[in-house]
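Asker: Coordinates in model-v9.cif, mmCIF, C-alpha atoms, are listed below.
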```cif
data_structure
#
loop_
_atom_site.group_PDB
_atom_site.id
_atom_site.type_symbol
_atom_site.label_atom_id
_atom_site.label_comp_id
_atom_site.auth_asym_id
_atom_site.auth_seq_id
_atom_site.Cartn_x
_atom_site.Cartn_y
_atom_site.Cartn_z
ATOM 1 C CA MET W 1 52.198 -15.934 19.058
ATOM 2 C CA THR W 2 55.820 -16.707 19.991
ATOM 3 C CA THR W 3 57.974 -14.478 22.201
ATOM 4 C CA GLU W 4 60.447 -14.034 19.350
ATOM 5 C CA LYS W 5 57.702 -12.665 17.009
ATOM 6 C CA ALA W 6 56.395 -10.329 19.670
ATOM 7 C CA ALA W 7 59.874 -9.032 20.381
ATOM 8 C CA ALA W 8 60.532 -8.507 16.683
ATOM 9 C CA ASN W 9 57.630 -6.093 16.627
ATOM 10 C CA GLY W 10 59.494 -3.926 19.095
ATOM 11 C CA THR W 11 56.548 -3.512 21.439
ATOM 12 C CA GLY W 12 56.512 -6.676 23.492
ATOM 13 C CA LYS W 13 53.045 -7.351 22.072
ATOM 14 C CA PRO W 14 51.982 -9.621 19.219
ATOM 15 C CA PRO W 15 52.027 -7.828 15.849
ATOM 16 C CA PRO W 16 48.664 -6.492 14.582
ATOM 17 C CA THR W 17 46.409 -8.755 12.571
ATOM 18 C CA SER W 18 44.921 -7.705 9.231
ATOM 19 C CA GLU W 19 41.718 -6.871 11.119
ATOM 20 C CA ASP W 20 43.662 -4.618 13.498
ATOM 21 C CA VAL W 21 45.298 -2.809 10.583
ATOM 22 C CA ALA W 22 41.974 -2.422 8.770
ATOM 23 C CA ARG W 23 40.345 -1.056 11.934
ATOM 24 C CA THR W 24 43.057 1.575 12.367
ATOM 25 C CA LEU W 25 42.934 2.685 8.732
ATOM 26 C CA ARG W 26 39.135 2.698 8.774
ATOM 27 C CA ALA W 27 39.167 5.070 11.745
ATOM 28 C CA ARG W 28 41.540 7.417 9.910
ATOM 29 C CA ILE W 29 39.324 7.399 6.827
ATOM 30 C CA GLU W 30 36.105 7.998 8.757
ATOM 31 C CA SER W 31 37.678 10.813 10.785
ATOM 32 C CA GLY W 32 38.904 12.544 7.627
ATOM 33 C CA ALA W 33 42.572 12.145 8.526
ATOM 34 C CA LEU W 34 42.844 10.255 5.258
ATOM 35 C CA GLU W 35 40.974 12.426 2.764
ATOM 36 C CA GLU W 36 38.742 11.112 0.020
ATOM 37 C CA GLY W 37 40.377 10.865 -3.374
ATOM 38 C CA ARG W 38 43.869 10.802 -1.860
ATOM 39 C CA SER W 39 46.129 7.788 -2.018
ATOM 40 C CA LEU W 40 47.005 5.641 0.945
ATOM 41 C CA PRO W 41 50.671 5.269 1.894
ATOM 42 C CA THR W 42 52.448 2.540 -0.027
ATOM 43 C CA GLN W 43 52.249 -1.019 1.183
ATOM 44 C CA MET W 44 55.908 -0.896 2.166
ATOM 45 C CA ALA W 45 55.245 2.213 4.249
ATOM 46 C CA LEU W 46 52.340 0.476 5.978
ATOM 47 C CA VAL W 47 54.507 -2.604 6.567
ATOM 48 C CA ALA W 48 57.056 -0.408 8.290
ATOM 49 C CA GLU W 49 54.434 1.492 10.309
ATOM 50 C CA PHE W 50 52.573 -1.556 11.618
ATOM 51 C CA GLY W 51 55.532 -3.943 11.824
ATOM 52 C CA VAL W 52 53.787 -6.720 9.917
ATOM 53 C CA LYS W 53 54.318 -8.726 6.759
ATOM 54 C CA ARG W 54 53.104 -7.454 3.428
ATOM 55 C CA GLY W 55 50.440 -10.166 3.215
ATOM 56 C CA VAL W 56 48.783 -8.765 6.351
ATOM 57 C CA ILE W 57 48.624 -5.317 4.753
ATOM 58 C CA ARG W 58 47.121 -6.743 1.573
ATOM 59 C CA GLN W 59 44.413 -8.545 3.547
ATOM 60 C CA ALA W 60 43.606 -5.333 5.431
ATOM 61 C CA LEU W 61 43.317 -3.378 2.191
ATOM 62 C CA ARG W 62 40.996 -5.986 0.720
ATOM 63 C CA ARG W 63 38.777 -5.692 3.807
ATOM 64 C CA LEU W 64 38.539 -1.939 3.326
ATOM 65 C CA GLN W 65 37.845 -2.341 -0.385
ATOM 66 C CA ASP W 66 35.028 -4.803 0.389
ATOM 67 C CA ASP W 67 33.602 -2.201 2.771
ATOM 68 C CA GLY W 68 33.589 0.379 -0.032
ATOM 69 C CA LEU W 69 36.218 2.585 1.630
ATOM 70 C CA LEU W 70 39.002 2.074 -0.911
ATOM 71 C CA THR W 71 39.200 1.955 -4.679
ATOM 72 C CA GLU W 72 41.919 0.878 -7.088
ATOM 73 C CA VAL W 73 43.326 -1.801 -4.779
ATOM 74 C CA THR W 74 45.962 -3.447 -6.954
ATOM 75 C CA ARG W 75 49.520 -4.679 -6.696
ATOM 76 C CA GLY W 76 50.689 -1.476 -8.346
ATOM 77 C CA ALA W 77 49.957 2.057 -7.187
ATOM 78 C CA PRO W 78 48.551 2.649 -3.673
ATOM 79 C CA PRO W 79 44.746 2.516 -3.449
ATOM 80 C CA ARG W 80 42.672 5.674 -3.136
ATOM 81 C CA ILE W 81 40.171 6.682 -0.478
ATOM 82 C CA ALA W 82 36.649 6.247 -1.855
ATOM 83 C CA ALA W 83 34.243 9.184 -1.991
ATOM 84 C CA ARG W 84 32.516 9.711 1.338
ATOM 85 C CA SER W 85 29.115 9.364 -0.330
ATOM 86 C CA ALA W 86 30.037 5.833 -1.345
ATOM 87 C CA ALA W 87 31.272 4.996 2.133
ATOM 88 C CA ARG W 88 28.064 6.320 3.665
ATOM 89 C CA ARG W 89 25.990 4.201 1.288
ATOM 90 C CA VAL W 90 27.845 1.087 2.427
ATOM 91 C CA GLU W 91 27.394 2.066 6.075
ATOM 92 C CA SER W 92 23.668 2.674 5.613
ATOM 93 C CA ALA W 93 23.338 -0.588 3.692
ATOM 94 C CA ALA W 94 24.826 -2.436 6.647
ATOM 95 C CA ASP W 95 22.135 -0.908 8.856
ATOM 96 C CA GLU W 96 19.275 -1.929 6.568
ATOM 97 C CA ARG W 97 16.751 -4.304 8.052
ATOM 98 C CA PRO W 98 14.684 -6.629 5.891
ATOM 99 C CA GLN W 99 11.011 -5.704 5.641
ATOM 100 C CA GLU W 100 7.956 -7.759 4.810
ATOM 101 C CA THR W 101 7.714 -8.558 1.109
ATOM 102 C CA MET W 102 4.586 -6.511 0.465
ATOM 103 C CA VAL W 103 6.221 -3.460 2.062
ATOM 104 C CA ALA W 104 9.731 -3.859 0.667
ATOM 105 C CA LEU W 105 8.957 -4.944 -2.896
ATOM 106 C CA ARG W 106 6.872 -1.982 -4.017
ATOM 107 C CA PRO W 107 9.543 0.746 -3.678
ATOM 108 C CA ARG W 108 12.123 -1.486 -5.365
ATOM 109 C CA ILE W 109 9.813 -2.149 -8.315
ATOM 110 C CA THR W 110 9.061 1.576 -8.438
ATOM 111 C CA ALA W 111 12.791 2.321 -8.663
ATOM 112 C CA ALA W 112 13.232 -0.353 -11.339
ATOM 113 C CA PHE W 113 10.620 1.347 -13.526
ATOM 114 C CA GLU W 114 12.743 4.492 -13.649
ATOM 115 C CA ALA W 115 14.958 2.703 -16.167
ATOM 116 C CA GLY W 116 14.448 3.010 -19.898
ATOM 117 C CA HIS W 117 14.319 -0.753 -20.305
ATOM 118 C CA VAL W 118 12.818 -2.606 -17.370
ATOM 119 C CA ARG W 119 13.641 -6.267 -16.793
ATOM 120 C CA ILE W 120 12.084 -8.260 -13.960
ATOM 121 C CA ASP W 121 12.489 -11.972 -13.292
ATOM 122 C CA ALA W 122 10.543 -13.594 -10.460
ATOM 123 C CA LEU W 123 10.312 -17.014 -8.852
ATOM 124 C CA CYS W 124 7.440 -17.374 -6.401
ATOM 125 C CA LEU W 125 4.461 -19.435 -5.308
ATOM 126 C CA THR W 126 1.541 -17.323 -6.612
ATOM 127 C CA ALA W 127 2.966 -13.903 -7.734
ATOM 128 C CA GLU W 128 0.584 -12.066 -5.366
ATOM 129 C CA SER W 129 3.132 -9.496 -4.132
ATOM 130 C CA LEU W 130 4.554 -8.879 -7.600
ATOM 131 C CA THR W 131 1.086 -8.362 -9.040
ATOM 132 C CA ALA W 132 0.289 -5.670 -6.474
ATOM 133 C CA ALA W 133 3.578 -3.865 -7.125
ATOM 134 C CA ILE W 134 3.192 -3.981 -10.927
ATOM 135 C CA GLY W 135 -0.381 -2.677 -10.641
ATOM 136 C CA GLU W 136 1.001 0.547 -9.186
ATOM 137 C CA GLN W 137 3.467 0.842 -12.052
ATOM 138 C CA ARG W 138 0.683 0.496 -14.594
ATOM 139 C CA LEU W 139 -0.923 3.599 -13.095
ATOM 140 C CA ARG W 140 2.392 5.457 -13.222
ATOM 141 C CA VAL W 141 2.823 4.531 -16.877
ATOM 142 C CA GLN W 142 -0.728 5.667 -17.662
ATOM 143 C CA ASP W 143 -0.233 9.108 -16.116
ATOM 144 C CA ARG W 144 3.233 9.378 -17.697
ATOM 145 C CA SER W 145 5.022 9.543 -14.348
ATOM 146 C CA VAL W 146 7.417 7.018 -15.852
ATOM 147 C CA THR W 147 8.003 6.360 -19.535
ATOM 148 C CA PRO W 148 9.991 3.161 -20.052
ATOM 149 C CA ASP W 149 10.601 2.148 -23.642
ATOM 150 C CA GLY W 150 10.273 -1.534 -22.854
ATOM 151 C CA VAL W 151 9.329 -3.902 -20.052
ATOM 152 C CA ARG W 152 10.275 -7.582 -20.002
ATOM 153 C CA VAL W 153 8.931 -9.817 -17.225
ATOM 154 C CA ARG W 154 9.531 -13.534 -16.738
ATOM 155 C CA VAL W 155 7.809 -15.454 -13.949
ATOM 156 C CA LEU W 156 8.482 -18.960 -12.664
ATOM 157 C CA LEU W 157 5.604 -20.613 -10.785
ATOM 158 C CA PRO W 158 4.984 -24.206 -9.636
ATOM 159 C CA ASN W 159 3.386 -26.563 -12.132
ATOM 160 C CA ARG W 160 -0.292 -27.246 -11.486
ATOM 161 C CA ASP W 161 0.139 -31.021 -11.504
ATOM 162 C CA ILE W 162 2.894 -31.480 -8.923
ATOM 163 C CA ASP W 163 2.407 -32.686 -5.361
ATOM 164 C CA LEU W 164 3.064 -29.392 -3.566
ATOM 165 C CA ALA W 165 5.116 -29.376 -0.375
ATOM 166 C CA PHE W 166 2.971 -26.406 0.661
ATOM 167 C CA PRO W 167 0.214 -25.422 0.831
ATOM 168 C CA ARG W 168 -1.127 -28.860 1.690
ATOM 169 C CA SER W 169 -3.706 -30.376 3.997
ATOM 170 C CA VAL W 170 -2.550 -31.546 7.416
ATOM 171 C CA GLY W 171 -4.732 -34.653 6.994
ATOM 172 C CA THR W 172 -3.303 -37.623 5.138
ATOM 173 C CA GLU W 173 -4.522 -38.730 1.733
ATOM 174 C CA ASP W 174 -5.914 -41.888 3.307
ATOM 175 C CA THR W 175 -7.969 -40.136 5.993
ATOM 176 C CA HIS W 176 -8.880 -36.820 4.278
ATOM 177 C CA PRO W 177 -8.326 -37.107 0.507
ATOM 178 C CA GLU W 178 -10.939 -34.469 -0.267
ATOM 179 C CA GLU W 179 -9.169 -31.876 1.914
ATOM 180 C CA GLY W 180 -5.957 -32.257 -0.048
ATOM 181 C CA ASP W 181 -7.879 -31.647 -3.251
ATOM 182 C CA LEU W 182 -9.565 -28.563 -1.782
ATOM 183 C CA VAL W 183 -6.238 -27.064 -0.711
ATOM 184 C CA HIS W 184 -4.627 -27.713 -4.094
ATOM 185 C CA ARG W 185 -7.572 -26.201 -5.972
ATOM 186 C CA ARG W 186 -7.433 -23.137 -3.749
ATOM 187 C CA TRP W 187 -3.728 -22.612 -4.473
ATOM 188 C CA LEU W 188 -4.220 -23.179 -8.204
ATOM 189 C CA GLN W 189 -7.018 -20.618 -8.344
ATOM 190 C CA GLN W 190 -4.810 -18.095 -6.544
ATOM 191 C CA ARG W 191 -1.837 -18.792 -8.805
ATOM 192 C CA ASN W 192 -3.904 -18.388 -11.959
ATOM 193 C CA ALA W 193 -5.811 -15.356 -10.709
ATOM 194 C CA HIS W 194 -2.727 -13.400 -9.631
ATOM 195 C CA GLY W 195 -0.842 -14.418 -12.771
ATOM 196 C CA THR W 196 -3.707 -13.326 -15.007
ATOM 197 C CA VAL W 197 -3.998 -9.939 -13.310
ATOM 198 C CA LEU W 198 -0.222 -9.486 -13.506
ATOM 199 C CA ARG W 199 -0.295 -10.208 -17.230
ATOM 200 C CA ASP W 200 -3.188 -7.766 -17.710
ATOM 201 C CA HIS W 201 -1.335 -5.019 -15.829
ATOM 202 C CA LEU W 202 1.685 -5.446 -18.059
ATOM 203 C CA THR W 203 -0.065 -5.790 -21.405
ATOM 204 C CA GLY W 204 -2.175 -2.747 -20.474
ATOM 205 C CA MET W 205 1.015 -0.654 -20.626
ATOM 206 C CA ARG W 206 1.125 -1.208 -24.366
ATOM 207 C CA ASN W 207 -1.639 1.378 -24.721
ATOM 208 C CA GLN W 208 0.965 3.971 -23.685
ATOM 209 C CA GLY W 209 3.414 2.784 -26.325
ATOM 210 C CA VAL W 210 5.515 0.570 -24.053
ATOM 211 C CA ASP W 211 7.029 -2.521 -25.678
ATOM 212 C CA VAL W 212 5.976 -5.280 -23.260
ATOM 213 C CA GLU W 213 7.075 -8.909 -23.098
ATOM 214 C CA VAL W 214 5.627 -11.143 -20.370
ATOM 215 C CA GLU W 215 6.026 -14.895 -20.086
ATOM 216 C CA PHE W 216 5.231 -17.526 -17.485
ATOM 217 C CA ARG W 217 6.876 -20.911 -17.096
ATOM 218 C CA ALA W 218 6.167 -23.774 -14.704
ATOM 219 C CA LEU W 219 8.570 -25.504 -12.327
ATOM 220 C CA PRO W 220 8.362 -29.169 -11.331
ATOM 221 C CA PHE W 221 8.938 -28.374 -7.643
ATOM 222 C CA THR W 222 7.658 -26.185 -4.816
ATOM 223 C CA PRO W 223 10.022 -23.209 -4.428
ATOM 224 C CA PRO W 224 11.228 -22.935 -0.801
ATOM 225 C CA VAL W 225 12.206 -19.300 -1.423
ATOM 226 C CA LYS W 226 11.025 -16.349 -3.463
ATOM 227 C CA LEU W 227 13.355 -14.373 -5.692
ATOM 228 C CA TYR W 228 12.981 -11.124 -7.628
ATOM 229 C CA LEU W 229 15.700 -9.951 -10.031
ATOM 230 C CA LEU W 230 15.481 -6.312 -11.120
ATOM 231 C CA ASN W 231 17.275 -4.821 -14.137
ATOM 232 C CA ASN W 232 20.289 -7.132 -13.747
ATOM 233 C CA SER W 233 21.339 -4.988 -10.798
ATOM 234 C CA GLU W 234 19.403 -6.128 -7.739
ATOM 235 C CA ALA W 235 18.265 -9.404 -6.222
ATOM 236 C CA LEU W 236 15.512 -9.554 -3.615
ATOM 237 C CA PHE W 237 15.356 -12.813 -1.692
ATOM 238 C CA ALA W 238 13.016 -14.229 0.969
ATOM 239 C CA PHE W 239 12.409 -17.552 2.658
ATOM 240 C CA TYR W 240 8.975 -19.111 2.687
ATOM 241 C CA THR W 241 8.292 -20.045 6.321
ATOM 242 C CA VAL W 242 5.798 -22.859 6.693
ATOM 243 C CA ALA W 243 3.216 -22.776 9.484
ATOM 244 C CA MET W 244 0.009 -24.603 10.261
ATOM 245 C CA ARG W 245 -3.205 -22.630 10.023
ATOM 246 C CA GLU W 246 -6.909 -23.186 9.580
ATOM 247 C CA VAL W 247 -8.754 -21.749 6.599
ATOM 248 C CA GLU W 248 -12.302 -21.818 5.285
ATOM 249 C CA ILE W 249 -12.540 -23.485 1.871
ATOM 250 C CA GLY W 250 -15.953 -24.039 0.348
ATOM 251 C CA HIS W 251 -17.746 -23.679 3.694
ATOM 252 C CA ARG W 252 -15.404 -26.236 5.191
ATOM 253 C CA SER W 253 -12.732 -25.632 7.829
ATOM 254 C CA VAL W 254 -9.429 -27.160 6.730
ATOM 255 C CA GLU W 255 -6.128 -27.389 8.614
ATOM 256 C CA MET W 256 -3.214 -26.862 6.290
ATOM 257 C CA HIS W 257 0.509 -26.238 6.160
ATOM 258 C CA ASP W 258 0.840 -22.914 4.383
ATOM 259 C CA VAL W 259 3.004 -19.818 3.999
ATOM 260 C CA LEU W 260 2.192 -16.130 4.146
ATOM 261 C CA GLY W 261 4.451 -14.969 1.349
ATOM 262 C CA ASP W 262 3.577 -11.290 1.684
ATOM 263 C CA LYS W 263 4.897 -11.375 5.265
ATOM 264 C CA SER W 264 8.257 -13.000 4.417
ATOM 265 C CA PRO W 265 11.206 -10.666 5.192
ATOM 266 C CA LEU W 266 12.827 -9.586 1.930
ATOM 267 C CA PHE W 267 16.617 -9.247 1.759
ATOM 268 C CA SER W 268 18.177 -6.960 -0.851
ATOM 269 C CA PHE W 269 21.470 -7.503 -2.679
ATOM 270 C CA GLU W 270 22.709 -4.870 -5.133
ATOM 271 C CA ALA W 271 25.307 -5.171 -7.880
ATOM 272 C CA ASP W 272 26.575 -1.671 -7.143
ATOM 273 C CA GLU W 273 30.193 -0.547 -7.114
ATOM 274 C CA THR W 274 29.791 0.727 -3.549
ATOM 275 C CA ARG W 275 28.493 -2.625 -2.286
ATOM 276 C CA VAL W 276 30.598 -5.439 -0.938
ATOM 277 C CA HIS W 277 31.743 -8.021 -3.461
ATOM 278 C CA ARG W 278 29.474 -10.752 -2.133
ATOM 279 C CA ASP W 279 26.401 -8.604 -2.900
ATOM 280 C CA LYS W 280 27.443 -8.329 -6.527
ATOM 281 C CA ALA W 281 28.327 -12.005 -6.619
ATOM 282 C CA PHE W 282 24.917 -12.916 -5.187
ATOM 283 C CA VAL W 283 23.110 -10.917 -7.883
ATOM 284 C CA THR W 284 25.199 -12.542 -10.613
ATOM 285 C CA GLU W 285 24.726 -16.071 -9.292
ATOM 286 C CA ALA W 286 21.008 -15.582 -8.592
ATOM 287 C CA GLN W 287 20.474 -14.417 -12.173
ATOM 288 C CA ALA W 288 22.442 -17.370 -13.509
ATOM 289 C CA TRP W 289 20.394 -19.752 -11.349
ATOM 290 C CA PHE W 290 17.117 -18.281 -12.588
ATOM 291 C CA ASP W 291 18.260 -18.404 -16.209
ATOM 292 C CA ALA W 292 19.291 -22.038 -15.833
ATOM 293 C CA LEU W 293 15.899 -23.016 -14.419
ATOM 294 C CA TRP W 294 14.142 -21.062 -17.156
ATOM 295 C CA GLU W 295 16.112 -22.663 -19.975
ATOM 296 C CA THR W 296 16.203 -26.256 -18.694
ATOM 297 C CA ILE W 297 13.486 -27.754 -16.475
ATOM 298 C CA ALA W 298 10.837 -25.011 -16.682
ATOM 299 C CA THR W 299 7.991 -25.619 -19.134
ATOM 300 C CA PRO W 300 5.476 -23.253 -20.808
ATOM 301 C CA LEU W 301 2.664 -22.290 -18.463
ATOM 302 C CA ALA W 302 -0.835 -21.346 -19.535
ATOM 303 C CA LEU W 303 -2.814 -19.558 -16.844
ATOM 304 C CA GLU W 304 -5.875 -21.727 -17.306
ATOM 305 C CA SER W 305 -8.682 -21.779 -14.808
ATOM 306 C CA ALA W 306 -8.709 -24.498 -12.183
ATOM 307 C CA PRO W 307 -11.148 -27.281 -13.024
ATOM 308 C CA GLY W 308 -14.608 -26.641 -11.644
#
```
How would this structure read if it were set down as C-alpha cells?

Answerer:
Amino acid sequence: MTTEKAAANGTGKPPPTSEDVARTLRARIESGALEEGRSLPTQMALVAEFGVKRGVIRQALRRLQDDGLLTEVTRGAPPRIAARSAARRVESAADERPQETMVALRPRITAAFEAGHVRIDALCLTAESLTAAIGEQRLRVQDRSVTPDGVRVRVLLPNRDIDLAFPRSVGTEDTHPEEGDLVHRRWLQQRNAHGTVLRDHLTGMRNQGVDVEVEFRALPFTPPVKLYLLNNSEALFAFYTVAMREVEIGHRSVEMHDVLGDKSPLFSFEADETRVHRDKAFVTEAQAWFDALWETIATPLALESAPG
C-alpha cells in the first residue's frame, strides 16, 4: 500500500480490505447492533464510513450474503439483515463434522422420507449403506410413521464385467489368477445381494399404497467416490479410501486392496437459501453429473446371481 493511499484514508494506515469491512459488519450483526430485518446503510454511506472504494464494499456485502447474514444484496436498495435463525443455521453448518457413512446416511434418508414425493439417486460400489437406511424407511412406511405418495430411486453400480480398480487381489494375474477371480466374485455377490434387498425394501412399500419406481444401471468404471442425492435438495459425498487387508474367501486367506465404504466420512451439501452459494452449486452440479452418467454411458443392470 502506498503512502499516498494510506494518507488519503485519513488515519495513516492502509484502508480496510473487503474482509476487514465484512468482519466489522458481521460483528455488528451478531451483536444485534444491526437488527434482523432492517436494512444496512447505503453503499455510499459505507464508502464514507470506511474510506474505501465502492467495489470493496460490494465484495464485503457478497461475503456476508454468502455467509447467510444478508439478503436482497443487489445494486439497488440496501440489503437487509437476515433472520437470526438463518444465520445460526449457517454458523452451525460451519461447525458440522463429517460422520461415517453408516452413521450419517440414515438420518438424512429419514428426513428425505418426510417429503410427499421422495427422490433418491445414488452412485456407489455395492449399495450396502443405502440398503440399510432404506430398510428402516420400509418399517416407517409400514407403521404409517411416514406416508409418502411416491418414491423414486435410481442407483448406479459398477458393471460386473469390468476390471475393478478395487476391490482386487494384491497378487498379479500371472502369479495368483485364481485370487483375482475370488475377489471379483465376492464383490459381485455383495453388489447383487445388497441391490436385491434394496429393491425388495422399496417394492415392499407398494403394499402401503406408495407409488414406487426403482431402477439400477451399470457403469463401465470403478467409482472413486460415493454420492447420494436426496430430493433435489441435498448431496452427500464421500471418498472411497483404498487400503490393503486380508480376508477369508472360500476357506482361503486372500490379500486384497479394498475399501470400507460404510466407514467413509460423508460430507453434506444442501441447496438451502441459508447455505452458502457453493453448497447450492455443488448440489446442482452433482445432480447434473449423475443425470449425465445415467443418460449416456450407464447401461441397464440386472441383479443376477454371480456364476457358481

Asker: Give me, as a PyMOL selection string, all polymer residues having an atom no more than 8 Å from segment 116-133 of chain W, counting all atoms listed in the file and skipping those fewer than 6 positions away in the same chain.

Answerer: chain W and resi 101-102+105-106+109-110+147-158+187+190-192+194-195+197-198+201+222-223+225-232+261-262+290

Asker: Just so the selection is clear, what residues does the PyMOL selection byres ((chain W and resi 254) around 9) cover here, as a short mmCIF file (atom, residue, chain, number, x, y, z; two decimals) with C-alpha atoms, in the frame of the given file?

Answerer:
```
data_model
loop_
_atom_site.label_atom_id
_atom_site.label_comp_id
_atom_site.auth_asym_id
_atom_site.auth_seq_id
_atom_site.Cartn_x
_atom_site.Cartn_y
_atom_site.Cartn_z
CA SER W 169 -3.71 -30.38 4.00
CA VAL W 170 -2.55 -31.55 7.42
CA GLY W 171 -4.73 -34.65 6.99
CA GLU W 179 -9.17 -31.88 1.91
CA LEU W 182 -9.56 -28.56 -1.78
CA VAL W 183 -6.24 -27.06 -0.71
CA ARG W 245 -3.20 -22.63 10.02
CA GLU W 246 -6.91 -23.19 9.58
CA VAL W 247 -8.75 -21.75 6.60
CA GLU W 248 -12.30 -21.82 5.28
CA ILE W 249 -12.54 -23.48 1.87
CA ARG W 252 -15.40 -26.24 5.19
CA SER W 253 -12.73 -25.63 7.83
CA GLU W 255 -6.13 -27.39 8.61
CA MET W 256 -3.21 -26.86 6.29
#
```

Asker: Carefully work through the PyMOL selection byres ((chain W and resi 53-62) around 12) for this structure and note down the residues it includes, as a short mmCIF file (atom, residue, chain, number, x, y, z; two decimals) with C-alpha atoms, in the coordinates of the input.

Answerer:
```cif
data_model
loop_
_atom_site.label_atom_id
_atom_site.label_comp_id
_atom_site.auth_asym_id
_atom_site.auth_seq_id
_atom_site.Cartn_x
_atom_site.Cartn_y
_atom_site.Cartn_z
CA LYS W 5 57.70 -12.66 17.01
CA ALA W 8 60.53 -8.51 16.68
CA ASN W 9 57.63 -6.09 16.63
CA PRO W 15 52.03 -7.83 15.85
CA PRO W 16 48.66 -6.49 14.58
CA THR W 17 46.41 -8.76 12.57
CA SER W 18 44.92 -7.70 9.23
CA GLU W 19 41.72 -6.87 11.12
CA ASP W 20 43.66 -4.62 13.50
CA VAL W 21 45.30 -2.81 10.58
CA ALA W 22 41.97 -2.42 8.77
CA ARG W 23 40.34 -1.06 11.93
CA THR W 24 43.06 1.58 12.37
CA LEU W 25 42.93 2.68 8.73
CA ARG W 26 39.14 2.70 8.77
CA LEU W 40 47.00 5.64 0.94
CA PRO W 41 50.67 5.27 1.89
CA THR W 42 52.45 2.54 -0.03
CA GLN W 43 52.25 -1.02 1.18
CA MET W 44 55.91 -0.90 2.17
CA ALA W 45 55.24 2.21 4.25
CA LEU W 46 52.34 0.48 5.98
CA VAL W 47 54.51 -2.60 6.57
CA ALA W 48 57.06 -0.41 8.29
CA GLU W 49 54.43 1.49 10.31
CA PHE W 50 52.57 -1.56 11.62
CA GLY W 51 55.53 -3.94 11.82
CA VAL W 52 53.79 -6.72 9.92
CA ARG W 63 38.78 -5.69 3.81
CA LEU W 64 38.54 -1.94 3.33
CA GLN W 65 37.84 -2.34 -0.38
CA ASP W 66 35.03 -4.80 0.39
CA ASP W 67 33.60 -2.20 2.77
CA GLY W 68 33.59 0.38 -0.03
CA LEU W 69 36.22 2.58 1.63
CA LEU W 70 39.00 2.07 -0.91
CA THR W 71 39.20 1.96 -4.68
CA GLU W 72 41.92 0.88 -7.09
CA VAL W 73 43.33 -1.80 -4.78
CA THR W 74 45.96 -3.45 -6.95
CA ARG W 75 49.52 -4.68 -6.70
CA GLY W 76 50.69 -1.48 -8.35
CA PRO W 78 48.55 2.65 -3.67
CA PRO W 79 44.75 2.52 -3.45
CA ARG W 80 42.67 5.67 -3.14
CA ILE W 81 40.17 6.68 -0.48
CA VAL W 276 30.60 -5.44 -0.94
CA HIS W 277 31.74 -8.02 -3.46
#
```

Asker: Between atom CA of Phe282 of chain W and atom CA of Glu234 of chain W, what is the distance in Å, rounded to a tenth?

Answerer: 9.1 Å

Asker: Could you jot down the atom CA of Phe216 of chain W to atom CA of Asn159 of chain W separation for me, Å, one decimal place?

Answerer: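 Computing the Euclidean distance for atom CA of Phe216 of chain W and atom CA of Asn159 of chain W yields 10.7 Å.
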
Asker: Can you measure atom CA of Ala218 of chain W to atom CA of Ser268 of chain W for me? One decimal in Å is fine.

Answerer: 24.9 Å

Asker: Restricting the calculation to all atoms listed in the file, which member of W:Leu266, W:Pro107, W:Gln99, W:Trp294 is positioned closest to Glu215 of chain W?

Answerer: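 Residue with the minimum atom-to-atom distance to Glu215 of chain W: W:Trp294.
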
Asker: Find, counting all atoms listed in the file, the residue in W:Arg199, W:Arg160, W:Arg278, W:Arg168 that gets nearest to Val212 of chain W.

Answerer: W:Arg199

Asker: For a quick check of understanding, using all atoms listed in the file, which of W:Gly32, W:Pro98, W:Pro220, W:Pro14 has the smallest distance to Phe237 of chain W?

Answerer: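 Among the listed residues, the smallest separation from Phe237 of chain W belongs to W:Pro98.
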
Asker: Return segment 217-224 of chain W, completed with N, CA, C and O atoms, as a tab-separated table (two decimals), in the coordinates of the input.

Answerer:
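Output (part-v5.tsv):
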```tsv
chain	number	residue	atom	x	y	z
W	217	ARG	N	6.48	-19.52	-16.94
W	217	ARG	CA	6.88	-20.91	-17.10
W	217	ARG	C	6.67	-21.64	-15.77
W	217	ARG	O	6.65	-21.03	-14.70
W	218	ALA	N	6.50	-22.96	-15.87
W	218	ALA	CA	6.17	-23.77	-14.70
W	218	ALA	C	7.36	-24.60	-14.25
W	218	ALA	O	8.13	-25.12	-15.07
W	219	LEU	N	7.51	-24.71	-12.93
W	219	LEU	CA	8.57	-25.50	-12.33
W	219	LEU	C	8.03	-26.83	-11.81
W	219	LEU	O	6.89	-26.88	-11.31
W	220	PRO	N	8.83	-27.87	-11.82
W	220	PRO	CA	8.36	-29.17	-11.33
W	220	PRO	C	8.61	-29.36	-9.84
W	220	PRO	O	8.69	-30.49	-9.36
W	221	PHE	N	8.74	-28.27	-9.08
W	221	PHE	CA	8.94	-28.37	-7.64
W	221	PHE	C	8.33	-27.16	-6.94
W	221	PHE	O	8.04	-26.14	-7.57
W	222	THR	N	8.16	-27.29	-5.63
W	222	THR	CA	7.66	-26.18	-4.82
W	222	THR	C	8.83	-25.31	-4.41
W	222	THR	O	9.75	-25.78	-3.72
W	223	PRO	N	8.87	-24.05	-4.79
W	223	PRO	CA	10.02	-23.21	-4.43
W	223	PRO	C	10.05	-22.92	-2.92
W	223	PRO	O	9.07	-22.43	-2.37
W	224	PRO	N	11.14	-23.23	-2.23
W	224	PRO	CA	11.23	-22.94	-0.80
W	224	PRO	C	11.54	-21.48	-0.51
W	224	PRO	O	11.49	-21.04	0.64
```
